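Trainee: My structure file start_26.csv, CSV, N, CA and C atoms, is below:
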```csv
chain,number,residue,atom,x,y,z
A,1,MET,N,0.8,-1.2,0.0
A,1,MET,CA,0.0,0.0,0.0
A,1,MET,C,0.9,1.2,0.0
A,2,HIS,N,0.5,2.2,-0.8
A,2,HIS,CA,1.3,3.5,-0.9
A,2,HIS,C,0.8,4.4,0.2
A,3,LEU,N,1.8,4.9,0.9
A,3,LEU,CA,1.5,5.9,2.0
A,3,LEU,C,1.4,7.3,1.4
A,4,HIS,N,0.6,8.2,1.9
A,4,HIS,CA,0.6,9.6,1.6
A,4,HIS,C,1.7,10.2,2.4
A,5,GLN,N,2.1,11.5,2.0
A,5,GLN,CA,3.1,12.2,2.7
A,5,GLN,C,2.9,12.3,4.2
A,6,SER,N,1.6,12.5,4.6
A,6,SER,CA,1.3,12.6,6.0
A,6,SER,C,1.6,11.3,6.7
A,7,GLY,N,1.3,10.2,6.1
A,7,GLY,CA,1.6,8.9,6.8
A,7,GLY,C,3.1,8.7,6.9
A,8,GLU,N,3.9,9.1,5.9
A,8,GLU,CA,5.3,9.0,6.0
A,8,GLU,C,5.9,9.9,7.1
A,9,ASP,N,5.3,11.1,7.2
A,9,ASP,CA,5.7,12.1,8.3
A,9,ASP,C,5.4,11.5,9.7
A,10,TYR,N,4.2,10.9,9.8
A,10,TYR,CA,3.9,10.3,11.1
A,10,TYR,C,4.9,9.2,11.5
A,11,LEU,N,5.2,8.3,10.5
A,11,LEU,CA,6.1,7.2,10.8
A,11,LEU,C,7.5,7.8,11.2
A,12,GLU,N,8.0,8.8,10.4
A,12,GLU,CA,9.3,9.4,10.7
A,12,GLU,C,9.2,10.0,12.1
A,13,THR,N,8.2,10.7,12.5
A,13,THR,CA,8.0,11.3,13.8
A,13,THR,C,8.1,10.2,14.9
A,14,ILE,N,7.4,9.1,14.7
A,14,ILE,CA,7.4,8.1,15.7
A,14,ILE,C,8.8,7.6,15.9
A,15,LEU,N,9.6,7.4,14.8
A,15,LEU,CA,11.0,6.9,14.9
A,15,LEU,C,11.8,7.9,15.7
A,16,VAL,N,11.7,9.2,15.3
A,16,VAL,CA,12.5,10.2,16.0
A,16,VAL,C,12.1,10.3,17.5
A,17,LEU,N,10.9,10.3,17.8
A,17,LEU,CA,10.4,10.3,19.2
A,17,LEU,C,10.9,9.1,20.0
A,18,ARG,N,10.9,7.9,19.3
A,18,ARG,CA,11.4,6.7,20.0
A,18,ARG,C,12.9,6.8,20.3
A,19,GLN,N,13.6,7.4,19.4
A,19,GLN,CA,15.0,7.6,19.6
A,19,GLN,C,15.3,8.6,20.8
A,20,GLU,N,14.4,9.6,20.9
A,20,GLU,CA,14.5,10.6,22.0
A,20,GLU,C,14.0,10.2,23.3
A,21,LYS,N,12.8,9.5,23.3
A,21,LYS,CA,12.1,9.2,24.5
A,21,LYS,C,12.0,7.8,24.9
A,22,GLY,N,12.2,6.9,24.0
A,22,GLY,CA,11.9,5.5,24.2
A,22,GLY,C,10.5,5.1,23.8
A,23,ALA,N,9.6,5.2,24.7
A,23,ALA,CA,8.2,4.9,24.4
A,23,ALA,C,7.5,6.1,23.7
A,24,VAL,N,6.6,5.8,22.8
A,24,VAL,CA,5.9,6.8,22.1
A,24,VAL,C,4.4,6.6,22.2
A,25,ARG,N,3.7,7.6,22.4
A,25,ARG,CA,2.2,7.6,22.5
A,25,ARG,C,1.7,8.6,21.5
A,26,SER,N,0.4,8.4,21.2
A,26,SER,CA,-0.3,9.3,20.2
A,26,SER,C,-0.1,10.8,20.6
A,27,VAL,N,-0.2,11.1,21.9
A,27,VAL,CA,-0.2,12.4,22.4
A,27,VAL,C,1.2,13.0,22.1
A,28,ASP,N,2.3,12.2,22.2
A,28,ASP,CA,3.6,12.7,21.8
A,28,ASP,C,3.7,13.1,20.4
A,29,VAL,N,3.1,12.3,19.5
A,29,VAL,CA,3.1,12.6,18.1
A,29,VAL,C,2.3,13.9,17.8
A,30,ALA,N,1.1,14.0,18.5
A,30,ALA,CA,0.3,15.2,18.4
A,30,ALA,C,1.1,16.5,18.8
A,31,GLN,N,1.8,16.4,19.9
A,31,GLN,CA,2.5,17.5,20.4
A,31,GLN,C,3.7,17.9,19.5
A,32,ARG,N,4.4,16.9,19.0
A,32,ARG,CA,5.5,17.2,18.1
A,32,ARG,C,5.1,17.8,16.8
A,33,LEU,N,4.0,17.3,16.2
A,33,LEU,CA,3.5,17.8,14.9
A,33,LEU,C,2.6,19.0,15.0
A,34,GLY,N,2.1,19.2,16.2
A,34,GLY,CA,1.1,20.4,16.4
A,34,GLY,C,-0.3,20.1,15.8
A,35,TYR,N,-0.6,18.8,15.8
A,35,TYR,CA,-2.0,18.4,15.3
A,35,TYR,C,-2.8,18.1,16.5
A,36,SER,N,-4.2,18.1,16.3
A,36,SER,CA,-5.1,17.7,17.4
A,36,SER,C,-5.0,16.2,17.7
A,37,LYS,N,-5.4,15.9,18.9
A,37,LYS,CA,-5.4,14.5,19.3
A,37,LYS,C,-6.3,13.7,18.5
A,38,PRO,N,-7.5,14.2,18.1
A,38,PRO,CA,-8.4,13.4,17.3
A,38,PRO,C,-7.8,13.1,15.9
A,39,SER,N,-7.1,14.1,15.3
A,39,SER,CA,-6.5,13.9,14.0
A,39,SER,C,-5.4,12.8,14.1
A,40,ILE,N,-4.6,12.9,15.1
A,40,ILE,CA,-3.6,11.9,15.3
A,40,ILE,C,-4.2,10.5,15.6
A,41,SER,N,-5.2,10.4,16.4
A,41,SER,CA,-5.9,9.2,16.7
A,41,SER,C,-6.4,8.5,15.4
A,42,ARG,N,-7.0,9.3,14.5
A,42,ARG,CA,-7.5,8.8,13.2
A,42,ARG,C,-6.3,8.3,12.4
A,43,ALA,N,-5.3,9.1,12.3
A,43,ALA,CA,-4.1,8.7,11.5
A,43,ALA,C,-3.5,7.4,12.1
A,44,MET,N,-3.4,7.3,13.4
A,44,MET,CA,-2.8,6.1,14.0
A,44,MET,C,-3.7,4.9,13.7
A,45,SER,N,-5.0,5.0,13.7
A,45,SER,CA,-5.9,3.9,13.3
A,45,SER,C,-5.6,3.5,11.9
A,46,ILE,N,-5.4,4.4,11.0
A,46,ILE,CA,-5.2,4.0,9.6
A,46,ILE,C,-3.8,3.3,9.5
A,47,LEU,N,-2.8,3.9,10.1
A,47,LEU,CA,-1.5,3.3,10.1
A,47,LEU,C,-1.5,1.9,10.7
A,48,ARG,N,-2.3,1.7,11.7
A,48,ARG,CA,-2.4,0.4,12.3
A,48,ARG,C,-3.1,-0.6,11.4
A,49,ALA,N,-4.2,-0.2,10.8
A,49,ALA,CA,-5.0,-1.0,9.9
A,49,ALA,C,-4.1,-1.4,8.7
A,50,ASP,N,-3.3,-0.5,8.2
A,50,ASP,CA,-2.4,-0.8,7.1
A,50,ASP,C,-1.2,-1.5,7.4
A,51,GLY,N,-0.9,-1.8,8.7
A,51,GLY,CA,0.2,-2.7,9.1
A,51,GLY,C,1.5,-1.9,9.3
A,52,TYR,N,1.5,-0.6,9.5
A,52,TYR,CA,2.7,0.1,9.7
A,52,TYR,C,3.1,0.3,11.2
A,53,ILE,N,2.1,0.2,12.1
A,53,ILE,CA,2.3,0.4,13.5
A,53,ILE,C,1.5,-0.6,14.3
A,54,GLU,N,1.9,-0.8,15.5
A,54,GLU,CA,1.1,-1.6,16.5
A,54,GLU,C,0.9,-0.7,17.7
A,55,MET,N,-0.2,-0.9,18.3
A,55,MET,CA,-0.5,-0.1,19.5
A,55,MET,C,-0.9,-1.0,20.7
A,56,GLU,N,-0.2,-0.8,21.8
A,56,GLU,CA,-0.4,-1.6,23.0
A,56,GLU,C,-1.6,-1.1,23.7
A,57,ARG,N,-2.1,-1.8,24.7
A,57,ARG,CA,-3.2,-1.4,25.5
A,57,ARG,C,-2.8,-0.1,26.3
A,58,SER,N,-1.5,0.0,26.6
A,58,SER,CA,-1.0,1.2,27.4
A,58,SER,C,-1.0,2.4,26.5
A,59,GLY,N,-1.2,2.3,25.2
A,59,GLY,CA,-1.1,3.4,24.3
A,59,GLY,C,0.2,3.6,23.6
A,60,ALA,N,1.2,2.7,24.0
A,60,ALA,CA,2.5,2.8,23.4
A,60,ALA,C,2.4,2.3,21.9
A,61,ILE,N,3.1,3.1,21.0
A,61,ILE,CA,3.1,2.8,19.6
A,61,ILE,C,4.4,2.2,19.2
A,62,THR,N,4.4,1.1,18.5
A,62,THR,CA,5.6,0.6,17.9
A,62,THR,C,5.5,0.4,16.4
A,63,LEU,N,6.6,0.6,15.7
A,63,LEU,CA,6.6,0.4,14.3
A,63,LEU,C,6.7,-1.1,13.9
A,64,THR,N,6.0,-1.5,12.9
A,64,THR,CA,6.1,-2.8,12.4
A,64,THR,C,7.4,-2.8,11.6
A,65,GLU,N,7.8,-4.0,11.0
A,65,GLU,CA,9.0,-4.0,10.2
A,65,GLU,C,8.8,-3.1,9.0
A,66,GLU,N,7.7,-3.1,8.4
A,66,GLU,CA,7.4,-2.2,7.2
A,66,GLU,C,7.4,-0.7,7.7
A,67,GLY,N,6.8,-0.4,8.8
A,67,GLY,CA,6.7,0.9,9.3
A,67,GLY,C,8.1,1.4,9.6
A,68,GLU,N,9.0,0.6,10.2
A,68,GLU,CA,10.4,0.9,10.5
A,68,GLU,C,11.1,1.2,9.2
A,69,ARG,N,10.9,0.4,8.2
A,69,ARG,CA,11.6,0.6,6.9
A,69,ARG,C,11.2,2.0,6.3
A,70,VAL,N,10.0,2.3,6.3
A,70,VAL,CA,9.5,3.6,5.7
A,70,VAL,C,10.1,4.7,6.6
A,71,ALA,N,9.9,4.6,7.9
A,71,ALA,CA,10.4,5.7,8.8
A,71,ALA,C,11.9,6.0,8.6
A,72,ARG,N,12.7,4.9,8.5
A,72,ARG,CA,14.1,5.1,8.4
A,72,ARG,C,14.5,5.7,7.0
A,73,THR,N,13.8,5.3,6.0
A,73,THR,CA,14.0,5.9,4.7
A,73,THR,C,13.7,7.4,4.7
A,74,MET,N,12.6,7.7,5.2
A,74,MET,CA,12.2,9.2,5.3
A,74,MET,C,13.2,10.0,6.1
A,75,TYR,N,13.6,9.4,7.3
A,75,TYR,CA,14.5,10.1,8.2
A,75,TYR,C,15.9,10.2,7.5
A,76,GLU,N,16.4,9.2,6.8
A,76,GLU,CA,17.7,9.3,6.1
A,76,GLU,C,17.6,10.4,5.1
A,77,ARG,N,16.5,10.4,4.3
A,77,ARG,CA,16.3,11.5,3.3
A,77,ARG,C,16.3,12.9,3.9
A,78,HIS,N,15.5,13.0,5.0
A,78,HIS,CA,15.4,14.3,5.6
A,78,HIS,C,16.8,14.8,6.1
A,79,LYS,N,17.5,14.0,6.8
A,79,LYS,CA,18.8,14.4,7.3
A,79,LYS,C,19.8,14.7,6.2
A,80,LEU,N,19.9,13.9,5.2
A,80,LEU,CA,20.8,14.2,4.1
A,80,LEU,C,20.4,15.4,3.3
A,81,LEU,N,19.2,15.6,3.0
A,81,LEU,CA,18.7,16.8,2.3
A,81,LEU,C,18.9,18.0,3.1
A,82,THR,N,18.7,18.0,4.4
A,82,THR,CA,18.9,19.1,5.2
A,82,THR,C,20.4,19.5,5.2
A,83,ARG,N,21.2,18.5,5.4
A,83,ARG,CA,22.7,18.8,5.4
A,83,ARG,C,23.1,19.3,4.0
A,84,TRP,N,22.6,18.8,3.0
A,84,TRP,CA,23.0,19.3,1.6
A,84,TRP,C,22.6,20.7,1.4
A,85,LEU,N,21.3,21.0,1.8
A,85,LEU,CA,20.8,22.4,1.6
A,85,LEU,C,21.6,23.4,2.4
A,86,THR,N,21.9,23.0,3.6
A,86,THR,CA,22.7,24.0,4.5
A,86,THR,C,24.1,24.2,3.9
A,87,SER,N,24.6,23.1,3.3
A,87,SER,CA,26.0,23.2,2.7
A,87,SER,C,26.1,24.1,1.5
A,88,ILE,N,24.9,24.4,0.9
A,88,ILE,CA,24.9,25.3,-0.3
A,88,ILE,C,24.4,26.7,0.1
A,89,GLY,N,24.2,26.9,1.4
A,89,GLY,CA,23.9,28.2,1.9
A,89,GLY,C,22.5,28.5,2.4
A,90,VAL,N,21.7,27.5,2.4
A,90,VAL,CA,20.3,27.7,2.8
A,90,VAL,C,20.3,27.7,4.4
A,91,SER,N,19.6,28.6,5.0
A,91,SER,CA,19.5,28.6,6.4
A,91,SER,C,19.0,27.3,7.0
A,92,PRO,N,19.5,27.0,8.2
A,92,PRO,CA,19.0,25.7,8.8
A,92,PRO,C,17.5,25.5,8.9
A,93,GLU,N,16.8,26.5,9.3
A,93,GLU,CA,15.4,26.4,9.4
A,93,GLU,C,14.7,26.1,8.1
A,94,VAL,N,15.1,26.9,7.1
A,94,VAL,CA,14.5,26.8,5.7
A,94,VAL,C,14.9,25.4,5.1
A,95,ALA,N,16.2,25.0,5.3
A,95,ALA,CA,16.7,23.8,4.8
A,95,ALA,C,15.8,22.6,5.4
A,96,ALA,N,15.6,22.6,6.7
A,96,ALA,CA,14.8,21.5,7.3
A,96,ALA,C,13.4,21.5,6.8
A,97,ASN,N,12.8,22.7,6.6
A,97,ASN,CA,11.4,22.7,6.1
A,97,ASN,C,11.4,22.2,4.6
A,98,ASP,N,12.3,22.7,3.8
A,98,ASP,CA,12.4,22.3,2.4
A,98,ASP,C,12.7,20.8,2.3
A,99,ALA,N,13.6,20.3,3.1
A,99,ALA,CA,13.9,18.9,3.1
A,99,ALA,C,12.7,18.0,3.4
A,100,CYS,N,11.9,18.5,4.3
A,100,CYS,CA,10.7,17.8,4.7
A,100,CYS,C,9.7,17.6,3.5
A,101,ARG,N,9.7,18.6,2.6
A,101,ARG,CA,8.8,18.5,1.4
A,101,ARG,C,9.5,17.7,0.4
A,102,MET,N,10.8,17.9,0.2
A,102,MET,CA,11.6,17.2,-0.9
A,102,MET,C,11.7,15.7,-0.6
A,103,GLU,N,11.8,15.3,0.6
A,103,GLU,CA,12.0,13.9,0.9
A,103,GLU,C,10.9,13.0,0.4
A,104,HIS,N,9.7,13.5,0.2
A,104,HIS,CA,8.6,12.7,-0.2
A,104,HIS,C,8.5,12.7,-1.8
A,105,ALA,N,9.0,13.7,-2.4
A,105,ALA,CA,8.8,13.9,-3.8
A,105,ALA,C,9.9,13.2,-4.7
A,106,LEU,N,11.1,13.0,-4.2
A,106,LEU,CA,12.2,12.5,-5.0
A,106,LEU,C,12.1,11.1,-5.2
A,107,SER,N,12.4,10.7,-6.5
A,107,SER,CA,12.5,9.3,-6.8
A,107,SER,C,13.7,8.6,-6.1
A,108,THR,N,13.6,7.3,-6.0
A,108,THR,CA,14.8,6.6,-5.4
A,108,THR,C,16.0,6.9,-6.2
A,109,GLU,N,15.9,6.9,-7.5
A,109,GLU,CA,17.1,7.2,-8.4
A,109,GLU,C,17.7,8.6,-8.1
A,110,THR,N,16.9,9.6,-8.1
A,110,THR,CA,17.3,11.0,-7.8
A,110,THR,C,17.9,11.1,-6.4
A,111,PHE,N,17.3,10.5,-5.4
A,111,PHE,CA,17.9,10.6,-4.1
A,111,PHE,C,19.2,9.9,-4.0
A,112,ALA,N,19.3,8.7,-4.7
A,112,ALA,CA,20.6,8.0,-4.7
A,112,ALA,C,21.7,8.9,-5.3
A,113,CYS,N,21.4,9.6,-6.4
A,113,CYS,CA,22.4,10.5,-7.0
A,113,CYS,C,22.8,11.6,-6.1
A,114,ILE,N,21.8,12.2,-5.5
A,114,ILE,CA,22.1,13.3,-4.5
A,114,ILE,C,22.9,12.8,-3.4
A,115,LYS,N,22.6,11.7,-2.9
A,115,LYS,CA,23.3,11.1,-1.7
A,115,LYS,C,24.8,10.8,-2.2
A,116,ARG,N,25.0,10.2,-3.3
A,116,ARG,CA,26.3,10.0,-3.8
A,116,ARG,C,27.1,11.3,-3.9
A,117,HIS,N,26.5,12.3,-4.5
A,117,HIS,CA,27.1,13.6,-4.6
A,117,HIS,C,27.5,14.2,-3.3
A,118,VAL,N,26.6,14.2,-2.3
A,118,VAL,CA,26.8,14.7,-1.0
A,118,VAL,C,28.0,14.0,-0.3
A,119,GLU,N,28.0,12.7,-0.4
A,119,GLU,CA,29.0,11.9,0.3
A,119,GLU,C,30.3,12.0,-0.4
A,120,GLU,N,30.4,12.5,-1.6
A,120,GLU,CA,31.7,12.7,-2.3
A,120,GLU,C,32.3,14.0,-2.0
A,121,GLU,N,31.5,14.9,-1.5
A,121,GLU,CA,32.0,16.3,-1.2
A,121,GLU,C,33.0,16.3,0.0
```
What does this structure look like when you write it as structure tokens?
Mentor:
Amino acid sequence: MHLHQSGEDYLETILVLRQEKGAVRSVDVAQRLGYSKPSISRAMSILRADGYIEMERSGAITLTEEGERVARTMYERHKLLTRWLTSIGVSPEVAANDACRMEHALSTETFACIKRHVEEE
């Protein structure tokens, strides 16, 4: 199943929060992204139904193997694109915002070429 940009953002956010805090709950995702709790609850239900996350009775969210793969892919893209944009003179805040949009739109081939270029610098 193909995820929308928002789904990819949620998975990436869960990954980052897990790295920062350990356990992640819907309220943590809502606070980080600035969305309402009902919006996040609906999104988490969709991600769970599609097999990207699991939710424990305690409310803790864990990524499935596929959710982890998507989250890591988006996070790698985000970090590399942010680093690349700042290296060419874009301010850190603008670079992070632009990288967030770019990470979803680039093909695998284009990202691989950018990654190779950045790593060669």
Trainee: Step one, run DSSP on the backbone; step two, keep only residues of segment 24-102 of chain A assigned to helix (DSSP H, G or I); then write them as an MDAnalysis selection string.
Mentor: chainID A and resid 26:33 37:49 65:87 92:102
Trainee: Just want the 6.5 Å neighbourhood of Ala99 of chain A, counted on all atoms listed in the file, with same-chain residues fewer than 2 positions away dropped. Output as a PDB file with N, CA and C atoms, in the coordinates of the input.
Mentor:
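Result file selection18.pdb:
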```pdb
ATOM      1  N   ARG A  77      16.500  10.400   4.300  1.00  0.00           N
ATOM      2  CA  ARG A  77      16.300  11.500   3.300  1.00  0.00           C
ATOM      3  C   ARG A  77      16.300  12.900   3.900  1.00  0.00           C
ATOM      4  N   HIS A  78      15.500  13.000   5.000  1.00  0.00           N
ATOM      5  CA  HIS A  78      15.400  14.300   5.600  1.00  0.00           C
ATOM      6  C   HIS A  78      16.800  14.800   6.100  1.00  0.00           C
ATOM      7  N   LEU A  81      19.200  15.600   3.000  1.00  0.00           N
ATOM      8  CA  LEU A  81      18.700  16.800   2.300  1.00  0.00           C
ATOM      9  C   LEU A  81      18.900  18.000   3.100  1.00  0.00           C
ATOM     10  N   THR A  82      18.700  18.000   4.400  1.00  0.00           N
ATOM     11  CA  THR A  82      18.900  19.100   5.200  1.00  0.00           C
ATOM     12  C   THR A  82      20.400  19.500   5.200  1.00  0.00           C
ATOM     13  N   VAL A  94      15.100  26.900   7.100  1.00  0.00           N
ATOM     14  CA  VAL A  94      14.500  26.800   5.700  1.00  0.00           C
ATOM     15  C   VAL A  94      14.900  25.400   5.100  1.00  0.00           C
ATOM     16  N   ALA A  95      16.200  25.000   5.300  1.00  0.00           N
ATOM     17  CA  ALA A  95      16.700  23.800   4.800  1.00  0.00           C
ATOM     18  C   ALA A  95      15.800  22.600   5.400  1.00  0.00           C
ATOM     19  N   ALA A  96      15.600  22.600   6.700  1.00  0.00           N
ATOM     20  CA  ALA A  96      14.800  21.500   7.300  1.00  0.00           C
ATOM     21  C   ALA A  96      13.400  21.500   6.800  1.00  0.00           C
ATOM     22  N   ASN A  97      12.800  22.700   6.600  1.00  0.00           N
ATOM     23  CA  ASN A  97      11.400  22.700   6.100  1.00  0.00           C
ATOM     24  C   ASN A  97      11.400  22.200   4.600  1.00  0.00           C
ATOM     25  N   ARG A 101       9.700  18.600   2.600  1.00  0.00           N
ATOM     26  CA  ARG A 101       8.800  18.500   1.400  1.00  0.00           C
ATOM     27  C   ARG A 101       9.500  17.700   0.400  1.00  0.00           C
ATOM     28  N   MET A 102      10.800  17.900   0.200  1.00  0.00           N
ATOM     29  CA  MET A 102      11.600  17.200  -0.900  1.00  0.00           C
ATOM     30  C   MET A 102      11.700  15.700  -0.600  1.00  0.00           C
ATOM     31  N   GLU A 103      11.800  15.300   0.600  1.00  0.00           N
ATOM     32  CA  GLU A 103      12.000  13.900   0.900  1.00  0.00           C
ATOM     33  C   GLU A 103      10.900  13.000   0.400  1.00  0.00           C
ATOM     34  N   HIS A 104       9.700  13.500   0.200  1.00  0.00           N
ATOM     35  CA  HIS A 104       8.600  12.700  -0.200  1.00  0.00           C
ATOM     36  C   HIS A 104       8.500  12.700  -1.800  1.00  0.00           C
TER      37      HIS A 104
END
```
Trainee: Can you list, as JSON, numbers by chain, every protein, DNA or RNA residue that comes within 7 Å of Thr62 of chain A when you count all atoms listed in the file, leaving out same-chain residues fewer than 2 positions away?
Mentor: {"A": [24, 52, 53, 54, 55, 56, 60, 64]}
Trainee: Among chain A, which ones does DSSP place in strand (DSSP E or B), written as a list in words?
Mentor: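 Secondary structure check on chain A, strand (DSSP E or B): Arg25, Ile53, Glu54, Met55, Ala60, Ile61, Thr62 and Leu63 of chain A.
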Trainee: Taking only C-alpha atoms into account, which of A:Gly51, A:Gly89, A:Gly34, A:Gly22 comes nearest Leu63 of chain A?
Mentor: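 Counting only C-alpha atoms, the residue closest to Leu63 of chain A is A:Gly51.
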Trainee: So the first atom is atom CA of Ala71 of chain A and the second is atom CA of Thr108 of chain A; what is the distance between them in Å, to one decimal place?
Mentor: 14.9 Å
Trainee: Mind pulling up the distance from atom CA of Asp50 of chain A to atom CA of Arg69 of chain A?
Mentor: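 Pair atom CA of Arg69 of chain A / atom CA of Asp50 of chain A returns 14.1 Å.
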Trainee: Quick one: distance from atom N of Ala49 of chain A to atom CA of Gln19 of chain A in Å, one decimal?
Mentor: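 These two atoms are separated by 22.5 Å.
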Trainee: With 12 Å as the threshold, what does the neighbourhood of (9.9, 1.0, 5.9) contain in terms of residues, counting only C-alpha atoms? Coordinates are those of the file; answer as a PyMOL selection string.
Mentor: chain A and resi 1-3+7-8+11-12+15+51-53+63-76
Trainee: Could you add N, CA, C and O atoms to segment 54-74 of chain A and give me the result as a tab-separated table (two decimals), keeping the file's coordinate frame?
Mentor:
```tsv
chain	number	residue	atom	x	y	z
A	54	GLU	N	1.90	-0.80	15.50
A	54	GLU	CA	1.10	-1.60	16.50
A	54	GLU	C	0.90	-0.70	17.70
A	54	GLU	O	1.77	0.08	17.99
A	55	MET	N	-0.20	-0.90	18.30
A	55	MET	CA	-0.50	-0.10	19.50
A	55	MET	C	-0.90	-1.00	20.70
A	55	MET	O	-1.70	-1.91	20.52
A	56	GLU	N	-0.20	-0.80	21.80
A	56	GLU	CA	-0.40	-1.60	23.00
A	56	GLU	C	-1.60	-1.10	23.70
A	56	GLU	O	-1.95	0.10	23.54
A	57	ARG	N	-2.10	-1.80	24.70
A	57	ARG	CA	-3.20	-1.40	25.50
A	57	ARG	C	-2.80	-0.10	26.30
A	57	ARG	O	-3.63	0.75	26.56
A	58	SER	N	-1.50	0.00	26.60
A	58	SER	CA	-1.00	1.20	27.40
A	58	SER	C	-1.00	2.40	26.50
A	58	SER	O	-0.80	3.52	27.01
A	59	GLY	N	-1.20	2.30	25.20
A	59	GLY	CA	-1.10	3.40	24.30
A	59	GLY	C	0.20	3.60	23.60
A	59	GLY	O	0.37	4.41	22.73
A	60	ALA	N	1.20	2.70	24.00
A	60	ALA	CA	2.50	2.80	23.40
A	60	ALA	C	2.40	2.30	21.90
A	60	ALA	O	1.73	1.38	21.56
A	61	ILE	N	3.10	3.10	21.00
A	61	ILE	CA	3.10	2.80	19.60
A	61	ILE	C	4.40	2.20	19.20
A	61	ILE	O	5.50	2.74	19.61
A	62	THR	N	4.40	1.10	18.50
A	62	THR	CA	5.60	0.60	17.90
A	62	THR	C	5.50	0.40	16.40
A	62	THR	O	4.38	0.24	15.90
A	63	LEU	N	6.60	0.60	15.70
A	63	LEU	CA	6.60	0.40	14.30
A	63	LEU	C	6.70	-1.10	13.90
A	63	LEU	O	7.50	-1.79	14.56
A	64	THR	N	6.00	-1.50	12.90
A	64	THR	CA	6.10	-2.80	12.40
A	64	THR	C	7.40	-2.80	11.60
A	64	THR	O	8.04	-1.77	11.36
A	65	GLU	N	7.80	-4.00	11.00
A	65	GLU	CA	9.00	-4.00	10.20
A	65	GLU	C	8.80	-3.10	9.00
A	65	GLU	O	9.76	-2.34	8.65
A	66	GLU	N	7.70	-3.10	8.40
A	66	GLU	CA	7.40	-2.20	7.20
A	66	GLU	C	7.40	-0.70	7.70
A	66	GLU	O	7.93	0.18	6.99
A	67	GLY	N	6.80	-0.40	8.80
A	67	GLY	CA	6.70	0.90	9.30
A	67	GLY	C	8.10	1.40	9.60
A	67	GLY	O	8.47	2.58	9.35
A	68	GLU	N	9.00	0.60	10.20
A	68	GLU	CA	10.40	0.90	10.50
A	68	GLU	C	11.10	1.20	9.20
A	68	GLU	O	11.89	2.18	9.14
A	69	ARG	N	10.90	0.40	8.20
A	69	ARG	CA	11.60	0.60	6.90
A	69	ARG	C	11.20	2.00	6.30
A	69	ARG	O	12.11	2.76	5.91
A	70	VAL	N	10.00	2.30	6.30
A	70	VAL	CA	9.50	3.60	5.70
A	70	VAL	C	10.10	4.70	6.60
A	70	VAL	O	10.57	5.71	6.02
A	71	ALA	N	9.90	4.60	7.90
A	71	ALA	CA	10.40	5.70	8.80
A	71	ALA	C	11.90	6.00	8.60
A	71	ALA	O	12.32	7.11	8.50
A	72	ARG	N	12.70	4.90	8.50
A	72	ARG	CA	14.10	5.10	8.40
A	72	ARG	C	14.50	5.70	7.00
A	72	ARG	O	15.39	6.50	6.92
A	73	THR	N	13.80	5.30	6.00
A	73	THR	CA	14.00	5.90	4.70
A	73	THR	C	13.70	7.40	4.70
A	73	THR	O	14.52	8.15	4.17
A	74	MET	N	12.60	7.70	5.20
A	74	MET	CA	12.20	9.20	5.30
A	74	MET	C	13.20	10.00	6.10
A	74	MET	O	13.62	11.05	5.77
```
